[in-house]
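Dropping model.cif in here (mmCIF, C-alpha atoms):
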```cif
data_input
#
loop_
_atom_site.label_atom_id
_atom_site.label_comp_id
_atom_site.auth_asym_id
_atom_site.auth_seq_id
_atom_site.Cartn_x
_atom_site.Cartn_y
_atom_site.Cartn_z
CA MET A 1 193.40 71.57 -18.78
CA ILE A 2 192.49 68.11 -19.83
CA SER A 3 195.46 67.20 -21.90
CA ARG A 4 197.98 68.49 -19.50
CA ARG A 5 196.28 66.93 -16.51
CA ALA A 6 195.69 63.69 -18.31
CA VAL A 7 199.24 63.36 -19.53
CA LEU A 8 200.97 64.67 -16.45
CA GLY A 9 198.57 62.99 -14.05
CA THR A 10 198.63 59.65 -15.80
CA GLY A 11 202.38 59.92 -16.21
CA ALA A 12 202.69 60.39 -12.47
CA THR A 13 200.64 57.28 -11.78
CA VAL A 14 202.96 55.15 -13.88
CA GLY A 15 205.72 55.85 -11.46
CA VAL A 16 207.68 58.56 -13.19
CA GLY A 17 209.90 60.58 -10.91
CA ALA A 18 208.87 64.11 -10.04
CA ALA A 19 212.09 65.43 -11.54
CA CYS A 20 211.05 64.31 -15.01
CA LEU A 21 207.75 66.12 -14.71
CA VAL A 22 209.50 69.26 -13.51
CA VAL A 23 211.70 69.11 -16.60
CA ALA A 24 208.63 68.82 -18.80
CA GLU A 25 207.06 71.79 -17.04
CA ALA A 26 210.23 73.83 -17.38
CA THR A 27 210.61 73.20 -21.08
CA GLY A 28 206.97 74.10 -21.62
CA SER A 29 206.48 71.33 -24.16
CA LEU A 30 203.31 70.17 -22.47
CA ASP A 31 201.86 73.66 -22.45
CA ASP A 32 201.76 73.55 -26.22
CA ILE A 33 199.82 70.30 -26.13
CA ALA A 34 197.43 71.64 -23.51
CA ARG A 35 196.85 74.82 -25.48
CA ALA A 36 196.14 72.92 -28.66
CA VAL A 37 193.65 70.48 -27.26
CA GLY A 38 191.60 72.76 -25.02
CA VAL A 39 190.39 72.75 -21.47
CA ARG A 40 188.13 70.29 -19.71
CA PRO A 41 188.49 68.90 -16.20
CA HIS A 42 189.33 65.20 -16.16
CA PRO A 43 191.17 64.44 -12.94
CA GLU A 44 191.02 60.62 -12.93
CA PRO A 45 192.51 58.82 -15.94
CA ALA A 46 190.94 55.53 -16.98
CA ALA A 47 192.89 52.49 -15.77
CA SER A 48 193.35 51.31 -19.35
CA ASP A 49 194.88 54.68 -20.27
CA THR A 50 197.39 54.33 -17.43
CA THR A 51 198.37 50.86 -18.67
CA LEU A 52 198.60 52.13 -22.22
CA LEU A 53 200.77 55.08 -21.22
CA THR A 54 203.14 52.83 -19.27
CA ARG A 55 203.72 50.77 -22.41
CA VAL A 56 204.09 53.86 -24.61
CA ALA A 57 206.69 55.30 -22.23
CA GLN A 58 208.64 52.01 -22.35
CA ARG A 59 208.52 51.76 -26.15
CA GLN A 60 209.44 55.39 -26.73
CA GLY A 61 212.32 54.99 -24.28
CA GLU A 62 213.59 52.04 -26.31
CA LEU A 63 213.25 54.03 -29.52
CA LEU A 64 215.24 56.95 -28.12
CA ALA A 65 217.96 54.52 -27.02
CA LEU A 66 218.11 53.23 -30.61
CA VAL A 67 218.41 56.76 -32.06
CA ASP A 68 221.10 57.64 -29.56
CA ALA A 69 223.05 54.42 -30.18
CA THR A 70 222.84 54.91 -33.95
CA GLY A 71 224.32 58.41 -33.64
CA ARG A 72 227.09 57.16 -31.34
CA ARG A 73 227.98 54.18 -33.55
CA HIS A 74 227.99 56.25 -36.76
CA ARG A 75 229.30 59.72 -36.01
CA ASP A 76 228.67 60.86 -39.59
CA LEU A 77 224.97 60.28 -39.06
CA ALA A 78 224.83 62.18 -35.75
CA PRO A 79 224.21 65.69 -37.20
CA GLY A 80 221.29 64.38 -39.25
CA LEU A 81 219.86 62.70 -36.17
CA ALA A 82 219.88 65.86 -34.03
CA SER A 83 216.24 66.72 -34.74
CA ALA A 84 215.31 63.05 -34.23
CA LEU A 85 216.89 63.13 -30.77
CA THR A 86 215.10 66.39 -29.91
CA ALA A 87 211.75 64.96 -31.04
CA GLY A 88 212.38 61.70 -29.22
CA LYS A 89 213.06 63.54 -25.97
CA ALA A 90 209.89 65.63 -26.43
CA HIS A 91 207.87 62.44 -26.98
CA LEU A 92 209.29 60.92 -23.81
CA GLU A 93 208.57 64.05 -21.79
CA ALA A 94 204.96 64.05 -22.94
CA VAL A 95 204.37 60.50 -21.74
CA GLY A 96 206.57 60.74 -18.66
CA GLY A 97 209.10 58.15 -19.83
CA ALA A 98 212.86 57.83 -19.69
CA ARG A 99 215.43 56.66 -22.20
CA GLN A 100 216.16 52.96 -21.76
CA PRO A 101 219.68 52.41 -20.43
CA HIS A 102 220.54 49.39 -22.61
CA ALA A 103 221.65 50.44 -26.08
CA PRO A 104 220.79 47.99 -28.86
CA ASP A 105 223.43 46.66 -31.24
CA ILE A 106 223.81 48.86 -34.31
CA ASP A 107 224.78 47.55 -37.76
CA ASP A 108 228.32 48.35 -38.98
CA ASP A 109 226.96 49.74 -42.23
CA PRO A 110 225.54 53.26 -41.78
CA SER A 111 222.93 52.83 -44.53
CA THR A 112 221.66 49.63 -42.93
CA ALA A 113 221.66 51.30 -39.50
CA LEU A 114 219.60 54.18 -40.87
CA ALA A 115 217.19 51.81 -42.61
CA THR A 116 216.76 49.94 -39.33
CA LEU A 117 215.96 53.23 -37.63
CA ALA A 118 213.42 54.15 -40.33
CA ASP A 119 211.73 50.75 -39.83
CA ALA A 120 211.63 51.31 -36.07
CA TYR A 121 210.01 54.71 -36.59
CA ARG A 122 207.39 53.25 -38.92
CA ASP A 123 206.56 50.50 -36.42
CA ALA A 124 206.34 53.01 -33.57
CA ALA A 125 204.11 55.31 -35.66
CA ASP A 126 201.70 52.44 -36.35
CA GLU A 127 201.72 51.47 -32.68
CA ARG A 128 201.04 55.04 -31.46
CA ALA A 129 198.21 55.36 -33.99
CA SER A 130 196.64 52.16 -32.64
CA ASP A 131 197.18 53.46 -29.11
CA ALA A 132 195.45 56.74 -30.02
CA ILE A 133 192.41 54.83 -31.26
CA ALA A 134 192.38 52.67 -28.10
CA ALA A 135 192.79 55.60 -25.65
CA VAL A 136 189.78 56.49 -23.52
CA SER A 137 190.76 60.11 -22.90
CA PRO A 138 190.19 62.23 -26.03
CA ASP A 139 193.19 64.34 -25.13
CA LEU A 140 195.49 61.38 -24.68
CA ALA A 141 194.20 60.18 -28.06
CA ARG A 142 195.23 63.51 -29.59
CA VAL A 143 198.70 63.46 -28.05
CA LEU A 144 199.30 59.89 -29.25
CA ALA A 145 197.90 60.65 -32.71
CA SER A 146 200.23 63.61 -33.01
CA MET A 147 203.15 61.45 -31.84
CA ALA A 148 202.29 58.92 -34.53
CA ALA A 149 202.35 61.70 -37.13
CA GLY A 150 205.70 62.96 -35.84
CA LEU A 151 207.13 59.43 -35.97
CA ASP A 152 205.90 59.17 -39.58
CA GLN A 153 207.85 62.31 -40.42
CA LEU A 154 210.97 60.96 -38.70
CA ALA A 155 210.61 57.66 -40.59
CA ALA A 156 210.40 59.50 -43.90
CA THR A 157 213.40 61.65 -43.04
CA ALA A 158 215.49 58.65 -41.95
CA ALA A 159 214.50 56.75 -45.09
CA GLN A 160 215.83 59.62 -47.22
CA GLY A 161 219.33 58.77 -45.99
CA PRO A 162 222.11 60.84 -44.43
CA ALA A 163 221.47 64.61 -44.43
CA MET B 1 182.45 67.04 -32.84
CA THR B 2 180.28 68.59 -35.54
CA ASP B 3 182.39 71.72 -35.48
CA ALA B 4 185.58 69.67 -35.85
CA LEU B 5 184.12 67.78 -38.82
CA LEU B 6 183.01 71.00 -40.50
CA ALA B 7 186.39 72.62 -39.84
CA CYS B 8 188.09 69.66 -41.55
CA LEU B 9 185.68 69.93 -44.48
CA ASP B 10 186.37 73.66 -44.86
CA LEU B 11 190.10 72.90 -45.05
CA GLU B 12 189.65 70.03 -47.49
CA HIS B 13 187.65 72.31 -49.77
CA GLU B 14 190.51 74.79 -49.59
CA ALA B 15 193.18 72.11 -50.08
CA VAL B 16 191.45 70.73 -53.18
CA TRP B 17 191.27 74.27 -54.56
CA ARG B 18 194.86 75.07 -53.63
CA TYR B 19 196.40 71.94 -55.16
CA SER B 20 194.42 72.46 -58.33
CA TYR B 21 195.88 75.97 -58.46
CA LEU B 22 199.43 74.90 -57.51
CA GLY B 23 199.40 72.03 -60.01
CA ALA B 24 198.78 74.46 -62.83
CA ARG B 25 201.46 76.93 -61.70
CA VAL B 26 204.75 75.02 -61.88
CA ASP B 27 205.50 72.00 -64.07
CA ASP B 28 208.24 70.54 -61.81
CA THR B 29 205.84 70.01 -58.94
CA ALA B 30 202.71 69.20 -60.97
CA ASP B 31 202.83 65.42 -60.38
CA GLU B 32 203.23 65.77 -56.64
CA ALA B 33 200.48 68.40 -56.57
CA ARG B 34 198.18 65.99 -58.38
CA ARG B 35 198.85 63.24 -55.84
CA SER B 36 198.07 65.68 -53.02
CA TYR B 37 194.97 66.90 -54.87
CA ASN B 38 193.69 63.34 -55.16
CA ALA B 39 194.36 62.64 -51.47
CA HIS B 40 192.46 65.73 -50.37
CA ARG B 41 189.59 65.09 -52.74
CA ALA B 42 189.21 61.61 -51.24
CA ALA B 43 189.30 63.05 -47.71
CA ARG B 44 186.73 65.67 -48.65
CA ASP B 45 184.41 63.00 -50.03
CA THR B 46 184.79 60.90 -46.88
CA LEU B 47 183.91 63.95 -44.75
CA LEU B 48 180.87 64.70 -46.91
CA ALA B 49 179.69 61.11 -46.53
CA ARG B 50 180.20 61.22 -42.76
CA LEU B 51 178.25 64.48 -42.48
CA ALA B 52 175.44 63.01 -44.60
CA GLU B 53 175.29 59.99 -42.26
CA LYS B 54 174.85 62.36 -39.36
CA ALA B 55 172.30 64.47 -41.27
CA ILE B 56 174.53 67.52 -40.84
CA GLU B 57 174.34 70.14 -43.57
CA PRO B 58 177.81 70.45 -45.15
CA ARG B 59 179.36 73.82 -45.92
CA SER B 60 180.11 74.60 -49.55
CA PRO B 61 183.54 75.56 -50.85
CA ALA B 62 184.36 79.22 -51.38
CA PHE B 63 184.60 80.51 -54.94
CA SER B 64 188.31 81.12 -54.43
CA TYR B 65 190.87 81.21 -51.60
CA ALA B 66 193.89 83.28 -50.67
CA VAL B 67 197.13 81.47 -51.49
CA PRO B 68 200.74 82.40 -50.70
CA PRO B 69 202.92 83.43 -53.66
CA ALA B 70 203.76 80.30 -55.67
CA ASP B 71 205.62 81.33 -58.80
CA ASP B 72 208.29 78.64 -58.56
CA ALA B 73 208.82 75.19 -57.03
CA HIS B 74 210.06 76.73 -53.79
CA GLY B 75 206.86 78.76 -53.45
CA VAL B 76 204.69 75.78 -54.35
CA ARG B 77 206.35 73.63 -51.68
CA ALA B 78 205.90 76.33 -49.03
CA ALA B 79 202.22 76.82 -49.98
CA ALA B 80 201.68 73.05 -49.88
CA ARG B 81 203.32 72.71 -46.45
CA GLU B 82 201.20 75.55 -45.10
CA ILE B 83 197.87 73.93 -46.02
CA GLU B 84 199.03 70.49 -44.83
CA GLN B 85 200.03 71.92 -41.46
CA ARG B 86 196.59 73.51 -41.07
CA CYS B 87 194.94 70.23 -42.06
CA ALA B 88 197.05 68.43 -39.44
CA THR B 89 195.78 70.84 -36.75
CA ALA B 90 192.16 70.37 -37.83
CA TYR B 91 192.46 66.58 -37.81
CA LEU B 92 194.19 66.67 -34.43
CA ALA B 93 191.04 68.24 -33.00
CA LEU B 94 188.89 65.57 -34.66
CA ALA B 95 191.18 62.82 -33.28
CA GLY B 96 189.55 63.40 -29.88
CA ASP B 97 186.24 62.09 -31.23
CA THR B 98 184.95 59.24 -29.10
CA THR B 99 183.52 57.23 -32.00
CA ALA B 100 186.07 54.76 -33.34
CA ALA B 101 185.37 55.38 -37.03
CA ALA B 102 185.78 59.16 -36.76
CA ARG B 103 188.90 58.84 -34.66
CA GLU B 104 190.47 56.31 -37.02
CA PHE B 105 189.80 58.58 -39.97
CA ALA B 106 191.20 61.61 -38.12
CA VAL B 107 194.38 59.77 -37.08
CA GLU B 108 194.87 58.49 -40.61
CA GLU B 109 194.45 61.97 -42.13
CA LEU B 110 196.64 63.60 -39.48
CA ARG B 111 199.41 61.14 -40.35
CA ARG B 112 198.87 61.66 -44.08
CA ALA B 113 199.14 65.44 -43.65
CA ALA B 114 202.31 65.06 -41.57
CA ARG B 115 203.91 62.81 -44.21
CA ALA B 116 202.89 65.31 -46.88
CA VAL B 117 204.73 68.08 -45.03
CA THR B 118 207.88 65.93 -45.27
CA THR B 119 207.21 65.15 -48.93
CA TRP B 120 207.00 68.89 -49.56
CA ASP B 121 210.46 69.34 -47.95
CA GLY B 122 209.30 70.22 -44.44
CA GLU B 123 211.42 69.42 -41.39
CA PRO B 124 210.10 66.78 -38.98
CA VAL B 125 208.59 67.99 -35.70
CA ALA B 126 207.75 66.04 -32.56
CA PHE B 127 204.05 66.86 -32.55
CA PRO B 128 202.55 67.70 -35.96
CA GLY B 129 199.25 69.54 -35.68
CA ILE B 130 200.16 71.17 -32.39
CA PRO B 131 201.12 74.80 -32.99
CA ARG B 132 204.66 75.50 -31.90
CA ARG B 133 205.27 78.01 -29.15
CA PRO B 134 206.71 81.26 -30.56
CA ARG B 135 210.36 81.60 -29.55
#
```

For the file at hand, write its structure as C-alpha cells.
Amino acid sequence: MISRRAVLGTGATVGVGAACLVVAEATGSLDDIARAVGVRPHPEPAASDTTLLTRVAQRQGELLALVDATGRRHRDLAPGLASALTAGKAHLEAVGGARQPHAPDIDDDPSTALATLADAYRDAADERASDAIAAVSPDLARVLASMAAGLDQLAATAAQGPA
Amino acid sequence: MTDALLACLDLEHEAVWRYSYLGARVDDTADEARRSYNAHRAARDTLLARLAEKAIEPRSPAFSYAVPPADDAHGVRAAAREIEQRCATAYLALAGDTTAAAREFAVEELRRAARAVTTWDGEPVAFPGIPRRPR
C-alpha cells in the first residue's frame, strides 16, 4: 500500500517513536488514506520527501499547540474547537508528528484569538498545498493535498466565529 | 492519469448540470448556486483544454443526472455538499499526477471543493476527499 507505506515509512525515518505509529495504526486513520489512494509498492521514500515530512510534522505540531492553547485560554471557544482538535490530531498522526510542548501566547480577546487561528489555518493550508506539489511520492502528494483542503475548511469554520 | 482526468470531467459535467438545476429550484440559494456553477464550468473548461492538449477524446455530458431531493434550501445545501464531496475525491486521485501543472490544478480544485462543502454548511473534516470509514 503505497500511501500507508510512504507515510508510515517516511514518518519512521524522521525519528517518530514507535508508540505514535502504533496509535495511528490502532485508530485506523491511515487505513482510510491507504484505501483511498490505492496500492503500489514504494518501499524507499525520496530523501526530499523525508525532509519535507519532517517540516510538515513540526509545523502541524505547532498548529495543534495553537488550537489547544486557544481553547484553554478561552473556555467559551473550546466546544467549537473540538472538531479542530480532532482534525489536528489526525493530521499529526498521518505525518508522524507530535504536538509541540510550548504553547504560544493567545490574545485576551476571543474574537482576535479566533481570527489569529483562522489566519494560521490559511497559512498552513497554503503551505501544505505547496508541499503537495513539491512531494515526489504521488501518495504523499495526495495526503498533503487533502490536509490542505481540510485546513481550508478549518480556516473557514474559525473565520465564521464562535459556534 | 487519463482515467483520473476523465473521472474529473465526468463529475464536472454533472456538477454544472446539478448547479443549474439547483439554482432554479430555490431562490434563497440561487446566488450561491450560481457561484458554484461558474466555478465548475471553469474547471470543466480547464479539463477539456487539458484533454485536448493530450489528444484524449473527452466524454460528453449525460442528458440528465440523478439528483437528491432539493425542494428547499436544506435540500439544496445537502445536494451541493454531496457533489462537492465527490469532486474532492476525484481531484484527490488526480493530485497524484506527476506533472506539476496537473497536480497544481488538482490541488487547487480539491481545496475549492472542500471550501465549497463548508460554504454549503458542511462540517470540517481532517482529510476531505478521503472517504470516511463507516462507524

For chain A, list the residues within 8 Å of chain B, counting all atoms listed in the file, and write the list as a compact mmCIF listing (two decimals) with C-alpha atoms, keeping the file's coordinate frame.
```
# COMPACT_ATOMS: atom_id res chain seq x y z
CA ASP A 32 201.76 73.55 -26.22
CA ILE A 33 199.82 70.30 -26.13
CA ALA A 36 196.14 72.92 -28.66
CA VAL A 37 193.65 70.48 -27.26
CA SER A 83 216.24 66.72 -34.74
CA ALA A 84 215.31 63.05 -34.23
CA THR A 86 215.10 66.39 -29.91
CA ALA A 87 211.75 64.96 -31.04
CA GLY A 88 212.38 61.70 -29.22
CA ALA A 90 209.89 65.63 -26.43
CA HIS A 91 207.87 62.44 -26.98
CA ALA A 129 198.21 55.36 -33.99
CA ALA A 132 195.45 56.74 -30.02
CA ILE A 133 192.41 54.83 -31.26
CA VAL A 136 189.78 56.49 -23.52
CA SER A 137 190.76 60.11 -22.90
CA PRO A 138 190.19 62.23 -26.03
CA ASP A 139 193.19 64.34 -25.13
CA ALA A 141 194.20 60.18 -28.06
CA ARG A 142 195.23 63.51 -29.59
CA VAL A 143 198.70 63.46 -28.05
CA ALA A 145 197.90 60.65 -32.71
CA SER A 146 200.23 63.61 -33.01
CA MET A 147 203.15 61.45 -31.84
CA ALA A 148 202.29 58.92 -34.53
CA ALA A 149 202.35 61.70 -37.13
CA GLY A 150 205.70 62.96 -35.84
CA LEU A 151 207.13 59.43 -35.97
CA ASP A 152 205.90 59.17 -39.58
CA GLN A 153 207.85 62.31 -40.42
CA LEU A 154 210.97 60.96 -38.70
CA ALA A 156 210.40 59.50 -43.90
CA THR A 157 213.40 61.65 -43.04
```

- Message: Going by the chain IDs and residue numbers used in this file, which residues fall under the PyMOL selection byres ((chain B and resi 64) around 12)? Write them as a PyMOL selection string.
- Response: chain B and resi 13-18+20-21+60-63+65-67

For those residues, write C-alpha atoms to a file as an mmCIF file, in the frame of the given file.
```
data_model
loop_
_atom_site.group_PDB
_atom_site.id
_atom_site.type_symbol
_atom_site.label_atom_id
_atom_site.label_comp_id
_atom_site.auth_asym_id
_atom_site.auth_seq_id
_atom_site.Cartn_x
_atom_site.Cartn_y
_atom_site.Cartn_z
ATOM 1 C CA HIS B 13 187.650 72.310 -49.770
ATOM 2 C CA GLU B 14 190.510 74.790 -49.590
ATOM 3 C CA ALA B 15 193.180 72.110 -50.080
ATOM 4 C CA VAL B 16 191.450 70.730 -53.180
ATOM 5 C CA TRP B 17 191.270 74.270 -54.560
ATOM 6 C CA ARG B 18 194.860 75.070 -53.630
ATOM 7 C CA SER B 20 194.420 72.460 -58.330
ATOM 8 C CA TYR B 21 195.880 75.970 -58.460
ATOM 9 C CA SER B 60 180.110 74.600 -49.550
ATOM 10 C CA PRO B 61 183.540 75.560 -50.850
ATOM 11 C CA ALA B 62 184.360 79.220 -51.380
ATOM 12 C CA PHE B 63 184.600 80.510 -54.940
ATOM 13 C CA TYR B 65 190.870 81.210 -51.600
ATOM 14 C CA ALA B 66 193.890 83.280 -50.670
ATOM 15 C CA VAL B 67 197.130 81.470 -51.490
#
```

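The interatomic distance for the pair atom CA of Val67 of chain A and atom CA of Glu84 of chain B works out to 27.0 Å.
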
- Item | Residue contacts of Asp72 of chain B (10 Å, all atoms listed in the file) excluding same-chain residues fewer than 5 positions away, as a list of chain:residue names |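 My list of contacting residues is B:Leu22, B:Arg25, B:Val26, B:Asp27, B:Asp28, B:Thr29, B:Arg77.
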
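Distances here use only C-alpha atoms; by that measure, the residue among B:His74, B:Arg81, B:Arg59, B:His40 closest to Ala7 of chain B is B:Arg59.
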